[in-house]
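Written below as structure tokens is the structure these notes are about.
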Amino acid sequence: MLDEDPPQVPDEQAPVAGPSTWRWPWLLGVCAGLTLLVAGFAGGAVYAKRDRTVDPRVSATPVSPVVGEVTEREIPERTLAPYAGLGTWVDRFDFSPPYAGENPPVDAEEIAVMAELGVKTIYIQGAHRAERSPGLTEDPWVLAELLVAAHSHDIAVVAWYLPKWEDEDLSKMIAMADFEFLGHRFDGIGVDIEYNQGGLQPQERSRILVELSEGLRAHVGDQPLSAIVLPPVLTEEVNTEFWPDFPWDEIGPLYDIWQPMSYWSFRSESSGYKDGYTYNAESTRLLRELLNDPDALVHGIGGIGAVDASEGGETGGEPLAVVADLEGFAQSLVDSDSVGGSMYDWVTLDDAARRKLAELFSTGQASSLPDIPSS
């Protein structure tokens, strides 16, 4: 994903690596203590101006004028269904108070807009490791409100996390997996696998990734997990020093669906990959080859953003895609037998791009994407 740690380096840029050490998390057994269960408040609700001194694990708050009354429901089984069709991405800068302030661009009302435009799944940054994110998850009241709002519009919510290969990574992902408010929980968990800073050598980073993935898999059992990965074209062709000898064979059995971050706006014209079709189609083909699995389920992520302008634009110094690229991206999903697609992220899509995606997934090319197998 894209925050202060940009995943898609320029074509000519190579990362800097150095020696370091890492200690395996000792908190694997804390799952029971992390469950955000509000017991005995079947008539409770989420409130937009919640009291942040109150913890949703132990209390309920007044009814939100946006979300409405929330009654307890039976917790549904997690499946791969959320990864089908049109999704959108939300990071902490879009919704979390320490980053977005008190009037974030993504709130319950904005989720209603997503629903009107056919969004089936929101991929939200449920936790982060930073001074402004001291808890196991981002603000649990905000997450609860967004989760309930999404479910009220029949939108699934998948929580994702960017590991930085340190002790708290596993505990934060377990917290996302166990997060619950009155029967509402995240419909899936995704691991954003891209961080190559901090001085670790690639071999050590790979070792930690495998152990972390095994730890998360042990906690969730057979529930679906998604791997949000760098597009193999980047790591195998464009910049082979970004993460040499990536452990595809080792993590392949640990994840159920793959989400390559095919952000073509970062690629140069001379590379041949600066378009919505080629970069994603080739990354998906190469991903399955590296996994040695021609039937691997894929949900492609394009971007970043898109604007209705011939020359694109920038956000935070990062290049944006253009609306004209979206048809090619949608066609790449179809031609690669992907099950779904999305653009990173919602806030960097202008109105024209959002409407175009709605059209492509409702009546255009992407409306013919295959269903996810039932097993």
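Every chain in the structure tokens takes a letter, A first, then B, and so on in the order presented; its residues are numbered from 1, and the ligands are numbered from 1 following the presented order.
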Which of range 266-375 of chain A fall in strand (DSSP E or B), as an MDAnalysis selection string
chainID A and resid 298:303 306:307 313:315 318:320 322 340:344 349
Can I get the selected residues back with N, CA and C atoms, as a CSV table (one decimal), in the first residue's frame?
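Listing of result-v4.csv after writing:
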```csv
chain,number,residue,atom,x,y,z
A,298,VAL,N,-6.6,-14.3,-7.9
A,298,VAL,CA,-6.0,-13.0,-7.9
A,298,VAL,C,-7.0,-11.9,-7.9
A,299,HIS,N,-6.8,-10.9,-7.1
A,299,HIS,CA,-7.6,-9.7,-7.2
A,299,HIS,C,-6.5,-8.6,-7.4
A,300,GLY,N,-6.5,-8.0,-8.6
A,300,GLY,CA,-5.5,-7.0,-9.0
A,300,GLY,C,-5.8,-5.7,-8.4
A,301,ILE,N,-4.7,-5.0,-8.1
A,301,ILE,CA,-4.8,-3.6,-7.5
A,301,ILE,C,-4.1,-2.7,-8.5
A,302,GLY,N,-4.8,-1.7,-9.0
A,302,GLY,CA,-4.2,-0.7,-10.0
A,302,GLY,C,-4.0,0.6,-9.3
A,303,GLY,N,-3.3,1.5,-10.0
A,303,GLY,CA,-3.2,2.8,-9.5
A,303,GLY,C,-1.8,3.4,-9.8
A,306,ALA,N,-6.6,7.8,-9.9
A,306,ALA,CA,-6.9,8.1,-11.3
A,306,ALA,C,-7.6,9.4,-11.4
A,307,VAL,N,-7.2,10.2,-12.3
A,307,VAL,CA,-7.8,11.5,-12.5
A,307,VAL,C,-8.2,11.7,-14.0
A,313,GLY,N,-1.5,13.4,-12.7
A,313,GLY,CA,-1.2,14.4,-11.7
A,313,GLY,C,-0.4,13.8,-10.6
A,314,GLU,N,-0.4,14.4,-9.4
A,314,GLU,CA,0.4,13.9,-8.3
A,314,GLU,C,-0.4,14.1,-7.0
A,315,THR,N,-0.1,13.2,-6.0
A,315,THR,CA,-0.6,13.3,-4.7
A,315,THR,C,0.5,13.0,-3.7
A,318,GLU,N,3.5,11.7,-5.3
A,318,GLU,CA,3.5,10.4,-6.1
A,318,GLU,C,2.6,10.6,-7.3
A,319,PRO,N,3.0,9.9,-8.4
A,319,PRO,CA,2.3,10.1,-9.7
A,319,PRO,C,0.9,9.4,-9.7
A,320,LEU,N,-0.1,10.0,-10.3
A,320,LEU,CA,-1.4,9.4,-10.4
A,320,LEU,C,-1.6,8.9,-11.8
A,322,VAL,N,-4.5,7.9,-14.9
A,322,VAL,CA,-5.5,8.7,-15.6
A,322,VAL,C,-6.7,7.8,-15.9
A,340,GLY,N,-11.4,-10.2,-9.1
A,340,GLY,CA,-11.8,-8.9,-8.7
A,340,GLY,C,-10.7,-7.9,-9.0
A,341,GLY,N,-11.0,-6.6,-8.7
A,341,GLY,CA,-10.1,-5.6,-8.9
A,341,GLY,C,-10.4,-4.3,-8.2
A,342,SER,N,-9.4,-3.5,-8.0
A,342,SER,CA,-9.6,-2.2,-7.2
A,342,SER,C,-8.5,-1.3,-7.6
A,343,MET,N,-8.7,0.0,-7.2
A,343,MET,CA,-7.6,1.0,-7.4
A,343,MET,C,-7.2,1.5,-6.1
A,344,TYR,N,-5.9,1.7,-5.9
A,344,TYR,CA,-5.4,2.3,-4.7
A,344,TYR,C,-5.3,3.8,-4.9
A,349,LEU,N,-8.9,8.8,-6.2
A,349,LEU,CA,-9.8,8.7,-7.3
A,349,LEU,C,-10.7,9.9,-7.4
```
Just list the residues in range 140-307 of chain A DSSP gives alpha helix (DSSP H) on the backbone, as a PyMOL selection string.
chain A and resi 140-152+169-178+202-220+232-233+248-251+278-291
Could you please determine the separation between CA of Gln197 in chain A and CA of Asp245 in chain A in Å, to one decimal place?
16.2 Å
Tyr99 in chain A: which residues within 12 Å, counting only C-alpha atoms, same-chain residues fewer than 3 positions away excluded, as a PDB file with C-alpha atoms, in the first residue's frame?
```pdb
ATOM      1  CA  ASP A   3       1.771   5.710   2.942  1.00  0.00           C
ATOM      2  CA  GLU A   4       5.089   7.046   4.153  1.00  0.00           C
ATOM      3  CA  ASP A  91      -5.504   3.858   4.570  1.00  0.00           C
ATOM      4  CA  ARG A  92      -5.111   5.466   7.979  1.00  0.00           C
ATOM      5  CA  PHE A  93      -4.616   8.935   6.465  1.00  0.00           C
ATOM      6  CA  ASP A  94      -8.191   8.691   5.171  1.00  0.00           C
ATOM      7  CA  PHE A  95     -10.078   7.789   8.362  1.00  0.00           C
ATOM      8  CA  SER A  96      -7.960   7.524  11.529  1.00  0.00           C
ATOM      9  CA  GLU A 102     -11.632  15.066  13.231  1.00  0.00           C
ATOM     10  CA  ASN A 103     -13.156  15.448   9.764  1.00  0.00           C
ATOM     11  CA  PRO A 104     -11.633  12.591   7.768  1.00  0.00           C
ATOM     12  CA  PRO A 105     -12.396  12.168   4.064  1.00  0.00           C
ATOM     13  CA  HIS A 128      -0.204   0.344  11.987  1.00  0.00           C
ATOM     14  CA  ALA A 130       3.932   4.084  14.736  1.00  0.00           C
ATOM     15  CA  GLU A 131       3.853   6.540  17.638  1.00  0.00           C
ATOM     16  CA  ARG A 132       0.489   7.830  16.456  1.00  0.00           C
ATOM     17  CA  SER A 133      -0.850   4.269  16.435  1.00  0.00           C
ATOM     18  CA  GLU A 138      -6.420   2.061  14.877  1.00  0.00           C
ATOM     19  CA  ASP A 139      -9.130   3.862  16.893  1.00  0.00           C
TER      20      ASP A 139
END
```
What is the CA of Gln331 in chain A-CA of Val229 in chain A distance in Å, reported with one decimal?
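CA of Val229 in chain A lies 20.7 Å from CA of Gln331 in chain A.
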Contacts of Asp351 in chain A at 9 Å or less, counting only C-alpha atoms, minus same-chain residues fewer than 3 places along, as a VMD selection string?
chain A and resid 307 to 308 354 to 356
If we count only C-alpha atoms and set the cut-off at 8 Å, which residues sit around Arg78 in chain A, ignoring sequence neighbours fewer than 6 positions away in its own chain? Please answer as a VMD selection string.
chain A and resid 187 to 188 223 to 224
Distance in Å - CA of Arg285 in chain A versus CA of Ala81 in chain A
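Separation of CA of Arg285 in chain A and CA of Ala81 in chain A: 22.1 Å.
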Excluding range 272-275 of chain A and residues on its chain fewer than 3 positions from it, collect all residues at most 10 Å away from it, counting only C-alpha atoms, and give them as a count of residues only.
24
